[in-house]
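**Q** Data file input-v2.pdb (PDB, C-alpha atoms) is appended below.
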ATOM      1  CA  MET N   1      91.140-111.799 148.994
ATOM      2  CA  ARG N   2      88.553-114.500 148.250
ATOM      3  CA  SER N   3      84.861-113.735 148.561
ATOM      4  CA  ALA N   4      81.685-115.730 148.021
ATOM      5  CA  ILE N   5      77.914-115.430 148.100
ATOM      6  CA  TYR N   6      76.510-118.508 149.807
ATOM      7  CA  GLY N   7      72.868-119.102 148.971
ATOM      8  CA  ALA N   8      72.984-117.213 145.681
ATOM      9  CA  GLY N   9      69.269-117.246 144.883
ATOM     10  CA  SER N  10      67.416-114.202 143.570
ATOM     11  CA  LEU N  11      69.110-111.521 145.705
ATOM     12  CA  GLY N  12      72.517-113.213 145.731
ATOM     13  CA  THR N  13      72.593-113.839 141.999
ATOM     14  CA  ILE N  14      71.787-110.206 141.223
ATOM     15  CA  LEU N  15      74.334-108.970 143.779
ATOM     16  CA  GLY N  16      76.975-111.296 142.332
ATOM     17  CA  ALA N  17      76.161-110.215 138.784
ATOM     18  CA  PHE N  18      76.608-106.535 139.704
ATOM     19  CA  ILE N  19      79.864-107.163 141.590
ATOM     20  CA  THR N  20      81.313-109.176 138.698
ATOM     21  CA  LYS N  21      80.028-106.750 136.054
ATOM     22  CA  ASN N  22      81.771-103.855 137.800
ATOM     23  CA  GLY N  23      85.153-105.507 138.205
ATOM     24  CA  GLY N  24      84.904-107.527 141.413
ATOM     25  CA  GLN N  25      85.674-111.204 141.854
ATOM     26  CA  ILE N  26      83.188-113.361 143.754
ATOM     27  CA  ASP N  27      81.958-116.965 143.738
ATOM     28  CA  LEU N  28      78.198-117.594 143.575
ATOM     29  CA  ILE N  29      77.387-120.747 145.539
ATOM     30  CA  ASN N  30      74.045-122.548 145.599
ATOM     31  CA  HIS N  31      72.935-126.120 146.299
ATOM     32  CA  ASN N  32      70.423-125.862 143.404
ATOM     33  CA  LYS N  33      72.350-127.708 140.692
ATOM     34  CA  ALA N  34      70.039-126.591 137.863
ATOM     35  CA  HIS N  35      70.516-122.935 138.831
ATOM     36  CA  VAL N  36      74.291-123.324 139.080
ATOM     37  CA  ALA N  37      74.420-125.150 135.737
ATOM     38  CA  ALA N  38      72.474-122.321 134.066
ATOM     39  CA  LEU N  39      74.781-119.704 135.613
ATOM     40  CA  LYS N  40      77.842-121.587 134.362
ATOM     41  CA  LYS N  41      76.425-122.041 130.866
ATOM     42  CA  ASP N  42      74.662-118.744 130.147
ATOM     43  CA  GLY N  43      75.666-116.390 132.971
ATOM     44  CA  ALA N  44      73.361-114.541 135.351
ATOM     45  CA  LYS N  45      70.386-113.085 133.499
ATOM     46  CA  VAL N  46      68.916-110.063 135.313
ATOM     47  CA  VAL N  47      65.446-108.937 134.199
ATOM     48  CA  GLY N  48      62.865-106.514 135.592
ATOM     49  CA  THR N  49      63.604-102.870 136.340
ATOM     50  CA  LEU N  50      67.126-103.399 134.937
ATOM     51  CA  GLU N  51      68.129-105.955 132.315
ATOM     52  CA  PHE N  52      71.559-107.421 131.557
ATOM     53  CA  THR N  53      73.355-110.768 131.392
ATOM     54  CA  GLN N  54      76.690-111.283 133.123
ATOM     55  CA  LYS N  55      79.123-114.192 133.101
ATOM     56  CA  VAL N  56      79.793-115.243 136.710
ATOM     57  CA  THR N  57      81.763-117.838 138.660
ATOM     58  CA  ALA N  58      79.198-120.309 140.005
ATOM     59  CA  LEU N  59      79.526-123.552 141.935
ATOM     60  CA  THR N  60      77.558-125.882 144.171
ATOM     61  CA  ASP N  61      78.370-126.236 147.854
ATOM     62  CA  GLU N  62      79.832-129.661 147.006
ATOM     63  CA  GLU N  63      82.407-127.915 144.797
ATOM     64  CA  MET N  64      83.621-125.509 147.490
ATOM     65  CA  SER N  65      87.293-125.606 148.476
ATOM     66  CA  GLY N  66      89.851-123.498 150.306
ATOM     67  CA  LYS N  67      89.179-120.552 152.589
ATOM     68  CA  TYR N  68      87.216-117.351 152.024
ATOM     69  CA  ASP N  69      87.942-113.968 153.586
ATOM     70  CA  ILE N  70      84.359-112.769 153.052
ATOM     71  CA  ILE N  71      81.228-114.909 152.807
ATOM     72  CA  PHE N  72      77.915-113.170 152.131
ATOM     73  CA  LEU N  73      75.147-115.338 153.606
ATOM     74  CA  LEU N  74      71.745-115.317 151.887
ATOM     75  CA  THR N  75      70.227-118.701 152.765
ATOM     76  CA  LYS N  76      66.953-119.097 154.657
ATOM     77  CA  GLN N  77      67.412-118.756 158.404
ATOM     78  CA  GLN N  78      65.666-121.974 159.414
ATOM     79  CA  LYS N  79      68.947-123.908 159.052
ATOM     80  CA  ASN N  80      71.384-121.191 160.138
ATOM     81  CA  ARG N  81      73.025-123.289 162.851
ATOM     82  CA  GLU N  82      73.707-126.119 160.403
ATOM     83  CA  VAL N  83      74.730-123.825 157.525
ATOM     84  CA  VAL N  84      77.055-121.559 159.536
ATOM     85  CA  THR N  85      78.701-124.571 161.198
ATOM     86  CA  PHE N  86      79.374-125.906 157.678
ATOM     87  CA  LEU N  87      80.730-122.540 156.474
ATOM     88  CA  LYS N  88      83.046-122.199 159.467
ATOM     89  CA  ASP N  89      85.422-124.714 157.834
ATOM     90  CA  PHE N  90      85.640-122.500 154.729
ATOM     91  CA  LEU N  91      86.170-119.205 156.592
ATOM     92  CA  ALA N  92      89.689-117.751 156.797
ATOM     93  CA  GLU N  93      91.156-117.339 160.281
ATOM     94  CA  ASP N  94      90.343-113.621 160.296
ATOM     95  CA  GLY N  95      87.439-113.956 157.833
ATOM     96  CA  VAL N  96      83.940-112.559 158.186
ATOM     97  CA  ILE N  97      80.434-113.790 157.453
ATOM     98  CA  VAL N  98      78.178-110.978 156.233
ATOM     99  CA  THR N  99      74.534-111.877 156.717
ATOM    100  CA  LEU N 100      71.968-110.287 154.416
ATOM    101  CA  GLN N 101      69.175-112.303 155.977
ATOM    102  CA  ASN N 102      66.000-110.938 157.535
ATOM    103  CA  GLY N 103      65.358-110.548 161.235
ATOM    104  CA  ILE N 104      68.331-110.331 163.604
ATOM    105  CA  PRO N 105      70.474-113.368 162.664
ATOM    106  CA  GLU N 106      73.811-111.923 163.846
ATOM    107  CA  LEU N 107      73.305-113.224 167.395
ATOM    108  CA  LEU N 108      73.221-116.923 166.454
ATOM    109  CA  ILE N 109      75.942-116.587 163.809
ATOM    110  CA  GLY N 110      78.154-114.865 166.391
ATOM    111  CA  GLU N 111      77.670-117.782 168.772
ATOM    112  CA  ILE N 112      79.124-120.134 166.157
ATOM    113  CA  VAL N 113      81.994-118.156 164.584
ATOM    114  CA  GLY N 114      82.501-115.408 167.182
ATOM    115  CA  GLU N 115      80.896-111.980 167.112
ATOM    116  CA  ASP N 116      84.084-110.396 165.733
ATOM    117  CA  HIS N 117      83.609-112.518 162.602
ATOM    118  CA  VAL N 118      80.079-111.311 161.823
ATOM    119  CA  LEU N 119      78.789-108.278 159.976
ATOM    120  CA  GLY N 120      75.146-107.540 159.234
ATOM    121  CA  CYS N 121      73.783-105.950 156.094
ATOM    122  CA  THR N 122      70.286-104.781 155.285
ATOM    123  CA  VAL N 123      69.180-104.242 151.694
ATOM    124  CA  ALA N 124      66.459-101.856 150.559
ATOM    125  CA  TRP N 125      65.640-103.716 147.332
ATOM    126  CA  GLY N 126      64.027-106.981 146.341
ATOM    127  CA  ALA N 127      64.188-109.700 143.717
ATOM    128  CA  THR N 128      62.365-112.814 142.544
ATOM    129  CA  MET N 129      63.723-116.013 141.004
ATOM    130  CA  GLN N 130      62.159-116.565 137.585
ATOM    131  CA  GLY N 131      63.947-119.808 136.764
ATOM    132  CA  PRO N 132      67.438-121.333 136.639
ATOM    133  CA  GLY N 133      69.894-118.498 136.020
ATOM    134  CA  VAL N 134      67.150-115.863 135.630
ATOM    135  CA  CYS N 135      66.311-113.386 138.408
ATOM    136  CA  GLU N 136      63.946-110.413 138.363
ATOM    137  CA  LEU N 137      64.926-107.160 140.041
ATOM    138  CA  THR N 138      61.603-105.879 141.417
ATOM    139  CA  SER N 139      62.776-102.579 142.958
ATOM    140  CA  GLU N 140      63.625 -99.355 141.164
ATOM    141  CA  PRO N 141      67.311 -98.830 140.233
ATOM    142  CA  ASP N 142      67.652 -95.845 142.575
ATOM    143  CA  SER N 143      66.794 -98.029 145.588
ATOM    144  CA  LEU N 144      69.802-100.366 145.296
ATOM    145  CA  THR N 145      71.275 -99.410 148.665
ATOM    146  CA  PHE N 146      72.851-101.219 151.623
ATOM    147  CA  SER N 147      73.294-100.514 155.318
ATOM    148  CA  LEU N 148      76.277-102.253 156.878
ATOM    149  CA  GLY N 149      77.091-102.664 160.544
ATOM    150  CA  SER N 150      77.937-104.869 163.473
ATOM    151  CA  LEU N 151      76.461-105.750 166.840
ATOM    152  CA  SER N 152      80.041-105.943 168.153
ATOM    153  CA  LYS N 153      81.652-102.817 169.596
ATOM    154  CA  LYS N 154      85.040-103.685 168.057
ATOM    155  CA  PRO N 155      85.929-102.383 164.574
ATOM    156  CA  ASN N 156      85.924-105.184 161.991
ATOM    157  CA  PRO N 157      89.111-105.426 159.877
ATOM    158  CA  HIS N 158      87.109-106.410 156.776
ATOM    159  CA  MET N 159      84.531-103.604 157.014
ATOM    160  CA  ASP N 160      86.121-101.479 154.279
ATOM    161  CA  GLU N 161      86.602-104.476 151.982
ATOM    162  CA  VAL N 162      82.980-105.558 152.384
ATOM    163  CA  LYS N 163      81.811-101.989 151.784
ATOM    164  CA  ALA N 164      83.910-101.753 148.609
ATOM    165  CA  LEU N 165      82.392-104.978 147.219
ATOM    166  CA  LEU N 166      78.828-103.863 147.926
ATOM    167  CA  GLU N 167      79.506-100.455 146.386
ATOM    168  CA  LEU N 168      80.011-102.223 143.067
ATOM    169  CA  MET N 169      76.208-102.502 143.115
ATOM    170  CA  GLY N 170      75.017 -99.452 145.052
ATOM    171  CA  PRO N 171      75.576 -96.938 147.875
ATOM    172  CA  VAL N 172      76.576 -98.337 151.278
ATOM    173  CA  GLU N 173      76.038 -96.649 154.630
ATOM    174  CA  ILE N 174      78.057 -97.724 157.665
ATOM    175  CA  ASP N 175      75.587 -97.721 160.520
ATOM    176  CA  GLN N 176      76.617 -97.128 164.114
ATOM    177  CA  ASN N 177      73.140 -98.049 165.396
ATOM    178  CA  PHE N 178      72.902-101.267 163.437
ATOM    179  CA  LEU N 179      70.306-102.796 165.746
ATOM    180  CA  GLY N 180      68.083 -99.808 164.945
ATOM    181  CA  THR N 181      68.673-100.390 161.229
ATOM    182  CA  ARG N 182      67.858-104.071 161.614
ATOM    183  CA  TRP N 183      64.562-103.067 163.217
ATOM    184  CA  SER N 184      63.723-100.611 160.420
ATOM    185  CA  LYS N 185      64.116-103.440 157.871
ATOM    186  CA  LEU N 186      62.289-105.838 160.190
ATOM    187  CA  LEU N 187      59.396-103.361 160.393
ATOM    188  CA  ILE N 188      59.117-103.274 156.585
ATOM    189  CA  ASN N 189      59.350-107.054 156.300
ATOM    190  CA  ALA N 190      56.915-107.746 159.135
ATOM    191  CA  SER N 191      54.315-105.397 157.669
ATOM    192  CA  PHE N 192      54.676-105.775 153.888
ATOM    193  CA  SER N 193      56.236-109.249 153.556
ATOM    194  CA  GLY N 194      53.955-110.542 156.281
ATOM    195  CA  MET N 195      50.733-109.070 154.943
ATOM    196  CA  SER N 196      51.471-109.659 151.255
ATOM    197  CA  THR N 197      52.103-113.331 152.082
ATOM    198  CA  VAL N 198      48.885-113.534 154.086
ATOM    199  CA  CYS N 199      46.998-112.057 151.102
ATOM    200  CA  GLY N 200      48.913-113.792 148.305
ATOM    201  CA  THR N 201      49.918-110.546 146.608
ATOM    202  CA  THR N 202      52.797-108.117 146.050
ATOM    203  CA  PHE N 203      53.898-105.357 148.417
ATOM    204  CA  GLY N 204      51.966-102.910 146.261
ATOM    205  CA  GLY N 205      48.878-105.124 146.294
ATOM    206  CA  ALA N 206      48.862-105.262 150.095
ATOM    207  CA  ALA N 207      49.148-101.468 150.243
ATOM    208  CA  LYS N 208      46.546-100.719 147.566
ATOM    209  CA  ASP N 209      43.700-102.756 149.075
ATOM    210  CA  LYS N 210      42.293-100.607 151.883
ATOM    211  CA  ALA N 211      41.300-103.513 154.122
ATOM    212  CA  SER N 212      44.755-105.101 154.029
ATOM    213  CA  ARG N 213      46.405-101.655 154.244
ATOM    214  CA  LYS N 214      44.625-101.150 157.562
ATOM    215  CA  ILE N 215      46.357-104.286 158.867
ATOM    216  CA  VAL N 216      49.702-103.191 157.380
ATOM    217  CA  GLN N 217      49.292 -99.937 159.273
ATOM    218  CA  GLY N 218      48.547-101.832 162.485
ATOM    219  CA  ILE N 219      51.680-103.980 162.101
ATOM    220  CA  ILE N 220      53.833-100.899 161.450
ATOM    221  CA  LYS N 221      52.428 -99.147 164.511
ATOM    222  CA  GLU N 222      52.964-102.252 166.635
ATOM    223  CA  CYS N 223      56.639-102.490 165.567
ATOM    224  CA  ILE N 224      57.206 -98.808 166.310
ATOM    225  CA  ASP N 225      55.558 -99.108 169.722
ATOM    226  CA  VAL N 226      57.431-102.247 170.760
ATOM    227  CA  CYS N 227      60.755-100.593 169.861
ATOM    228  CA  ALA N 228      59.818 -97.454 171.805
ATOM    229  CA  ALA N 229      58.926 -99.607 174.811
ATOM    230  CA  GLY N 230      62.270-101.431 174.535
ATOM    231  CA  GLY N 231      64.387 -98.298 174.073
ATOM    232  CA  ILE N 232      65.371 -99.105 170.469
ATOM    233  CA  LYS N 233      65.758 -96.173 168.075
ATOM    234  CA  ILE N 234      64.520 -97.165 164.613
ATOM    235  CA  GLU N 235      66.861 -95.783 161.950
ATOM    236  CA  PRO N 236      65.708 -94.142 158.681
ATOM    237  CA  ILE N 237      65.662 -96.165 155.441
ATOM    238  CA  GLN N 238      67.137 -94.444 152.384
ATOM    239  CA  GLY N 239      66.939 -91.137 154.246
ATOM    240  CA  LYS N 240      63.254 -91.555 155.118
ATOM    241  CA  ASP N 241      62.326 -91.483 158.805
ATOM    242  CA  ILE N 242      59.729 -94.250 159.044
ATOM    243  CA  VAL N 243      58.664 -93.309 162.553
ATOM    244  CA  LYS N 244      58.162 -89.659 161.665
ATOM    245  CA  LEU N 245      56.225 -90.573 158.509
ATOM    246  CA  LEU N 246      54.025 -93.394 159.757
ATOM    247  CA  ASP N 247      53.689 -93.234 163.550
ATOM    248  CA  TYR N 248      50.580 -91.569 164.953
ATOM    249  CA  HIS N 249      49.025 -90.439 168.229
ATOM    250  CA  SER N 250      45.954 -88.700 166.842
ATOM    251  CA  GLY N 251      43.114 -89.450 164.464
ATOM    252  CA  PHE N 252      44.417 -87.043 161.836
ATOM    253  CA  LYS N 253      47.978 -88.442 161.896
ATOM    254  CA  LYS N 254      46.554 -91.978 161.694
ATOM    255  CA  TRP N 255      44.554 -90.962 158.602
ATOM    256  CA  LEU N 256      47.641 -89.278 157.104
ATOM    257  CA  SER N 257      49.883 -92.301 157.665
ATOM    258  CA  PHE N 258      47.216 -94.487 156.020
ATOM    259  CA  GLN N 259      47.384 -92.267 152.902
ATOM    260  CA  ILE N 260      51.212 -92.305 152.899
ATOM    261  CA  ILE N 261      51.654 -96.107 153.025
ATOM    262  CA  PRO N 262      51.092 -96.804 149.259
ATOM    263  CA  ILE N 263      53.361 -93.871 148.375
ATOM    264  CA  ALA N 264      56.072 -95.029 150.773
ATOM    265  CA  ILE N 265      56.210 -98.511 149.209
ATOM    266  CA  LYS N 266      55.793 -97.362 145.578
ATOM    267  CA  LYS N 267      59.377 -98.150 144.540
ATOM    268  CA  HIS N 268      58.938-101.714 145.771
ATOM    269  CA  ALA N 269      55.332-102.232 144.669
ATOM    270  CA  LEU N 270      56.208-105.167 142.387
ATOM    271  CA  LEU N 271      58.144-107.006 145.080
ATOM    272  CA  LYS N 272      56.892-110.484 145.896
ATOM    273  CA  ALA N 273      57.891-111.552 149.419
ATOM    274  CA  SER N 274      60.315-114.458 149.674
ATOM    275  CA  MET N 275      57.830-115.972 152.136
ATOM    276  CA  LEU N 276      55.129-115.982 149.444
ATOM    277  CA  GLN N 277      57.601-117.493 146.969
ATOM    278  CA  ASP N 278      58.263-120.224 149.540
ATOM    279  CA  ILE N 279      54.527-120.874 149.920
ATOM    280  CA  GLU N 280      54.154-121.151 146.146
ATOM    281  CA  ASN N 281      57.040-123.632 146.049
ATOM    282  CA  GLY N 282      55.634-125.747 148.870
ATOM    283  CA  LYS N 283      58.351-124.729 151.353
ATOM    284  CA  LYS N 284      58.275-123.538 154.956
ATOM    285  CA  THR N 285      58.676-119.763 155.384
ATOM    286  CA  GLU N 286      60.861-117.558 157.571
ATOM    287  CA  VAL N 287      57.868-116.036 159.367
ATOM    288  CA  ASP N 288      59.284-116.997 162.788
ATOM    289  CA  ALA N 289      62.449-115.038 161.938
ATOM    290  CA  ILE N 290      60.445-112.000 160.756
ATOM    291  CA  ASN N 291      57.073-111.364 162.439
ATOM    292  CA  GLY N 292      58.034-113.952 165.056
ATOM    293  CA  VAL N 293      60.999-111.793 166.138
ATOM    294  CA  VAL N 294      58.616-108.915 166.877
ATOM    295  CA  CYS N 295      56.407-111.286 168.906
ATOM    296  CA  ALA N 296      59.386-112.714 170.818
ATOM    297  CA  TYR N 297      60.742-109.260 171.666
ATOM    298  CA  GLY N 298      57.293-108.136 172.740
ATOM    299  CA  ARG N 299      57.043-111.120 175.104
ATOM    300  CA  LYS N 300      60.526-110.375 176.438
ATOM    301  CA  ILE N 301      59.638-106.807 177.447
ATOM    302  CA  GLY N 302      55.990-107.509 178.290
ATOM    303  CA  PHE N 303      54.476-105.634 175.333
ATOM    304  CA  PRO N 304      51.508-107.163 173.437
ATOM    305  CA  THR N 305      51.893-107.828 169.677
ATOM    306  CA  PRO N 306      48.468-109.094 168.500
ATOM    307  CA  TYR N 307      48.912-108.092 164.829
ATOM    308  CA  ASN N 308      52.229-109.897 164.443
ATOM    309  CA  ASP N 309      50.938-112.862 166.462
ATOM    310  CA  LYS N 310      48.062-113.200 163.990
ATOM    311  CA  VAL N 311      50.361-112.970 160.943
ATOM    312  CA  VAL N 312      52.520-115.800 162.342
ATOM    313  CA  GLU N 313      49.415-117.880 163.071
ATOM    314  CA  ILE N 314      47.916-117.382 159.595
ATOM    315  CA  ILE N 315      51.139-118.048 157.677
ATOM    316  CA  HIS N 316      51.749-121.266 159.610
ATOM    317  CA  LYS N 317      48.202-122.340 158.712
ATOM    318  CA  ILE N 318      48.913-121.532 155.057
ATOM    319  CA  GLU N 319      52.086-123.639 155.256
ATOM    320  CA  GLU N 320      50.059-126.552 156.636
ATOM    321  CA  GLY N 321      47.378-126.218 153.947
ATOM    322  CA  GLU N 322      44.668-125.164 156.405
ATOM    323  CA  LEU N 323      44.352-121.784 154.674
ATOM    324  CA  LYS N 324      45.233-120.335 151.272
ATOM    325  CA  ALA N 325      47.152-117.101 150.735
ATOM    326  CA  SER N 326      44.224-114.808 149.905
ATOM    327  CA  PHE N 327      42.667-111.443 150.693
ATOM    328  CA  ASP N 328      39.957-113.488 152.443
ATOM    329  CA  ASN N 329      42.412-113.822 155.347
ATOM    330  CA  VAL N 330      42.019-110.125 156.170
ATOM    331  CA  LYS N 331      38.799-110.933 158.018
ATOM    332  CA  LEU N 332      40.794-113.121 160.444
ATOM    333  CA  PHE N 333      42.222-109.945 161.973
TER
END
Spell out the structure here as structure tokens.
**A**
Amino acid sequence: MRSAIYGAGSLGTILGAFITKNGGQIDLINHNKAHVAALKKDGAKVVGTLEFTQKVTALTDEEMSGKYDIIFLLTKQQKNREVVTFLKDFLAEDGVIVTLQNGIPELLIGEIVGEDHVLGCTVAWGATMQGPGVCELTSEPDSLTFSLGSLSKKPNPHMDEVKALLELMGPVEIDQNFLGTRWSKLLINASFSGMSTVCGTTFGGAAKDKASRKIVQGIIKECIDVCAAGGIKIEPIQGKDIVKLLDYHSGFKKWLSFQIIPIAIKKHALLKASMLQDIENGKKTEVDAINGVVCAYGRKIGFPTPYNDKVVEIIHKIEEGELKASFDNVKLF
């Protein structure tokens, strides 16, 4: 069985390092030649809440050959149609693409390779690229978990093999309500990735500042409400029922959820959103595939999403240089 991580940036490099370190075989593929060269020369250097260096098999997309049974996809979603069409030629006849991307990318990927050849995976941990070959794990070691599932009703023949590879890094839960799990991750990303990018800070920074926390709370509530209106059951994350903890229908529960937010995100306080990393590197973000998904679903079912609409608006203005990522943007809400 051949497996690969395509788009091995911060998350993919750390995942590949763990899999290799614990006896698995996997190719780390990235178009960034400097990163690949560093991985080939010195191995994957993991820093942060855990530290180790691991020799890995790394290559550029130009060096790819043959067919893969499992391809973990970790590229940005903006070019998914182009990327997945490219990967289709490297996918075995019964192979599977496992997307670890944000939002709900399985639908488009399924259009290209067939829904029976797609699995989705949500991760409850984060990472930041520090430089070629060096990636920082920004979540606590006990949060290295995965939720694996499919939007297809048919059992996937590679499910157990994918699960076994991921378990070389951390616990894996097979989720029967994967759409609900996707929405639980989307809720976290829309609120914390969205607001920390707007403010130019970490997840913990967005939660600590009371003015930005108020907006985080509004985004969370909006995601919960739009799912309730659409009949989607949001699944727990790492055993924590987000809806039970953070939803509110009274003044007291609203106050309580406001107090809980910094505690709930404590393990990921150091996490810097990939969207903010993109801003810092002069790149376009995935905001349309994160907060924009909430907005699009709200429009589809006729439910207003003013908080998420504003996040999308602000981040696009930051991309265009009309605004800077700063706590000053809180007043725009």
**Q** Go through N:Ala164, N:Met159, N:Val243, N:Ile70 and flag the residue nearest N:Asp225, using all atoms listed in the file for the distances.
**A**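 Residue with the minimum atom-to-atom distance to N:Asp225: N:Val243.
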**Q** Taking the file as I've supplied it (selection: the PyMOL selection byres ((chain N and resi 42) around 12)), which residues are included? Please answer as a list in words.
**A**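 Given this file, the PyMOL selection byres ((chain N and resi 42) around 12) evaluates to Ala34, His35, Val36, Ala37, Ala38, Leu39, Lys40, Lys41, Gly43, Ala44, Lys45, Val46, Phe52, Thr53, Gln54, Lys55, Val56, Thr57, Ala58, Pro132, Gly133 and Val134 of chain N.
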**Q** Write to file, as a PDB file, keeping the file's coordinate frame, the residues of the selection just made, with C-alpha atoms.
**A**
ATOM      1  CA  ALA N  34      70.039-126.591 137.863  1.00  0.00           C
ATOM      2  CA  HIS N  35      70.516-122.935 138.831  1.00  0.00           C
ATOM      3  CA  VAL N  36      74.291-123.324 139.080  1.00  0.00           C
ATOM      4  CA  ALA N  37      74.420-125.150 135.737  1.00  0.00           C
ATOM      5  CA  ALA N  38      72.474-122.321 134.066  1.00  0.00           C
ATOM      6  CA  LEU N  39      74.781-119.704 135.613  1.00  0.00           C
ATOM      7  CA  LYS N  40      77.842-121.587 134.362  1.00  0.00           C
ATOM      8  CA  LYS N  41      76.425-122.041 130.866  1.00  0.00           C
ATOM      9  CA  GLY N  43      75.666-116.390 132.971  1.00  0.00           C
ATOM     10  CA  ALA N  44      73.361-114.541 135.351  1.00  0.00           C
ATOM     11  CA  LYS N  45      70.386-113.085 133.499  1.00  0.00           C
ATOM     12  CA  VAL N  46      68.916-110.063 135.313  1.00  0.00           C
ATOM     13  CA  PHE N  52      71.559-107.421 131.557  1.00  0.00           C
ATOM     14  CA  THR N  53      73.355-110.768 131.392  1.00  0.00           C
ATOM     15  CA  GLN N  54      76.690-111.283 133.123  1.00  0.00           C
ATOM     16  CA  LYS N  55      79.123-114.192 133.101  1.00  0.00           C
ATOM     17  CA  VAL N  56      79.793-115.243 136.710  1.00  0.00           C
ATOM     18  CA  THR N  57      81.763-117.838 138.660  1.00  0.00           C
ATOM     19  CA  ALA N  58      79.198-120.309 140.005  1.00  0.00           C
ATOM     20  CA  PRO N 132      67.438-121.333 136.639  1.00  0.00           C
ATOM     21  CA  GLY N 133      69.894-118.498 136.020  1.00  0.00           C
ATOM     22  CA  VAL N 134      67.150-115.863 135.630  1.00  0.00           C
TER      23      VAL N 134
END
**Q** Env of stretch 176-181 of chain N: 12 Å cut, atoms = only C-alpha atoms, seq-sep filter 5 positions within chain, self excluded. Answer as an MDAnalysis selection string.
**A** chainID N and resid 102:107 119:124 146:155 186:188 223:224 227:228 230:239 241:243
**Q** Output C-alpha atoms for every residue in that selection, as a CSV table (one decimal), in the frame of the given file.
**A**
chain,number,residue,atom,x,y,z
N,102,ASN,CA,66.0,-110.9,157.5
N,103,GLY,CA,65.4,-110.5,161.2
N,104,ILE,CA,68.3,-110.3,163.6
N,105,PRO,CA,70.5,-113.4,162.7
N,106,GLU,CA,73.8,-111.9,163.8
N,107,LEU,CA,73.3,-113.2,167.4
N,119,LEU,CA,78.8,-108.3,160.0
N,120,GLY,CA,75.1,-107.5,159.2
N,121,CYS,CA,73.8,-106.0,156.1
N,122,THR,CA,70.3,-104.8,155.3
N,123,VAL,CA,69.2,-104.2,151.7
N,124,ALA,CA,66.5,-101.9,150.6
N,146,PHE,CA,72.9,-101.2,151.6
N,147,SER,CA,73.3,-100.5,155.3
N,148,LEU,CA,76.3,-102.3,156.9
N,149,GLY,CA,77.1,-102.7,160.5
N,150,SER,CA,77.9,-104.9,163.5
N,151,LEU,CA,76.5,-105.8,166.8
N,152,SER,CA,80.0,-105.9,168.2
N,153,LYS,CA,81.7,-102.8,169.6
N,154,LYS,CA,85.0,-103.7,168.1
N,155,PRO,CA,85.9,-102.4,164.6
N,186,LEU,CA,62.3,-105.8,160.2
N,187,LEU,CA,59.4,-103.4,160.4
N,188,ILE,CA,59.1,-103.3,156.6
N,223,CYS,CA,56.6,-102.5,165.6
N,224,ILE,CA,57.2,-98.8,166.3
N,227,CYS,CA,60.8,-100.6,169.9
N,228,ALA,CA,59.8,-97.5,171.8
N,230,GLY,CA,62.3,-101.4,174.5
N,231,GLY,CA,64.4,-98.3,174.1
N,232,ILE,CA,65.4,-99.1,170.5
N,233,LYS,CA,65.8,-96.2,168.1
N,234,ILE,CA,64.5,-97.2,164.6
N,235,GLU,CA,66.9,-95.8,162.0
N,236,PRO,CA,65.7,-94.1,158.7
N,237,ILE,CA,65.7,-96.2,155.4
N,238,GLN,CA,67.1,-94.4,152.4
N,239,GLY,CA,66.9,-91.1,154.2
N,241,ASP,CA,62.3,-91.5,158.8
N,242,ILE,CA,59.7,-94.2,159.0
N,243,VAL,CA,58.7,-93.3,162.6
**Q** How many Å separate atom CA of N:Ser143 from atom CA of N:Asp209?
**A**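 Between atom CA of N:Ser143 and atom CA of N:Asp209 the gap works out to 23.8 Å.
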**Q** Taking into account all atoms listed in the file, which residue in the set N:Lys324, N:Tyr248, N:Ala296, N:Ile265 is nearest to N:Glu280?
**A**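 Ranking N:Lys324, N:Tyr248, N:Ala296, N:Ile265 by distance to N:Glu280, first place goes to N:Lys324.
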**Q** Fewer than 2 positions away in the same chain doesn't count, so skip those; otherwise give me all residues within 8 Å of N:Asp247, counting all atoms listed in the file, as a ChimeraX atom specification.
**A** /N:220-221,224,242-245,249,253-254,257
**Q** May I have the residues from that selection written out with C-alpha atoms, as an mmCIF file, keeping the file's coordinate frame?
**A**
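Here's the written file selection.cif:
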data_model
loop_
_atom_site.group_PDB
_atom_site.id
_atom_site.type_symbol
_atom_site.label_atom_id
_atom_site.label_comp_id
_atom_site.auth_asym_id
_atom_site.auth_seq_id
_atom_site.Cartn_x
_atom_site.Cartn_y
_atom_site.Cartn_z
ATOM 1 C CA ILE N 220 53.833 -100.899 161.450
ATOM 2 C CA LYS N 221 52.428 -99.147 164.511
ATOM 3 C CA ILE N 224 57.206 -98.808 166.310
ATOM 4 C CA ILE N 242 59.729 -94.250 159.044
ATOM 5 C CA VAL N 243 58.664 -93.309 162.553
ATOM 6 C CA LYS N 244 58.162 -89.659 161.665
ATOM 7 C CA LEU N 245 56.225 -90.573 158.509
ATOM 8 C CA HIS N 249 49.025 -90.439 168.229
ATOM 9 C CA LYS N 253 47.978 -88.442 161.896
ATOM 10 C CA LYS N 254 46.554 -91.978 161.694
ATOM 11 C CA SER N 257 49.883 -92.301 157.665
#
**Q** Take the point (53.2, -116.7, 162.9) in the file's coordinates, draw a sphere of radius 12 Å around it, and report as an MDAnalysis selection string every protein, DNA or RNA residue with an atom inside or on it, counting only C-alpha atoms.
**A** chainID N and resid 190 194:195 197:198 275 284:296 305:319
**Q** Which of these, N:Gly200, N:Asp61, N:Leu276, N:Ile112, has the shortest distance to N:Asp328 once you count only C-alpha atoms?
**A**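 Smallest separation from N:Asp328 among the options: N:Gly200.
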**Q** Once the PyMOL selection byres ((chain N and resi 8) around 9) has been applied to the shown file, what residues remain in the selection, as a list of chain:residue names?
**A**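 Here the PyMOL selection byres ((chain N and resi 8) around 9) matches N:Ile5, N:Tyr6, N:Gly7, N:Gly9, N:Ser10, N:Leu11, N:Gly12, N:Thr13, N:Ile14, N:Leu15, N:Gly16, N:Leu28, N:Ile29, N:Asn30, N:His31, N:Ala58, N:Leu73, N:Leu74, N:Thr75.
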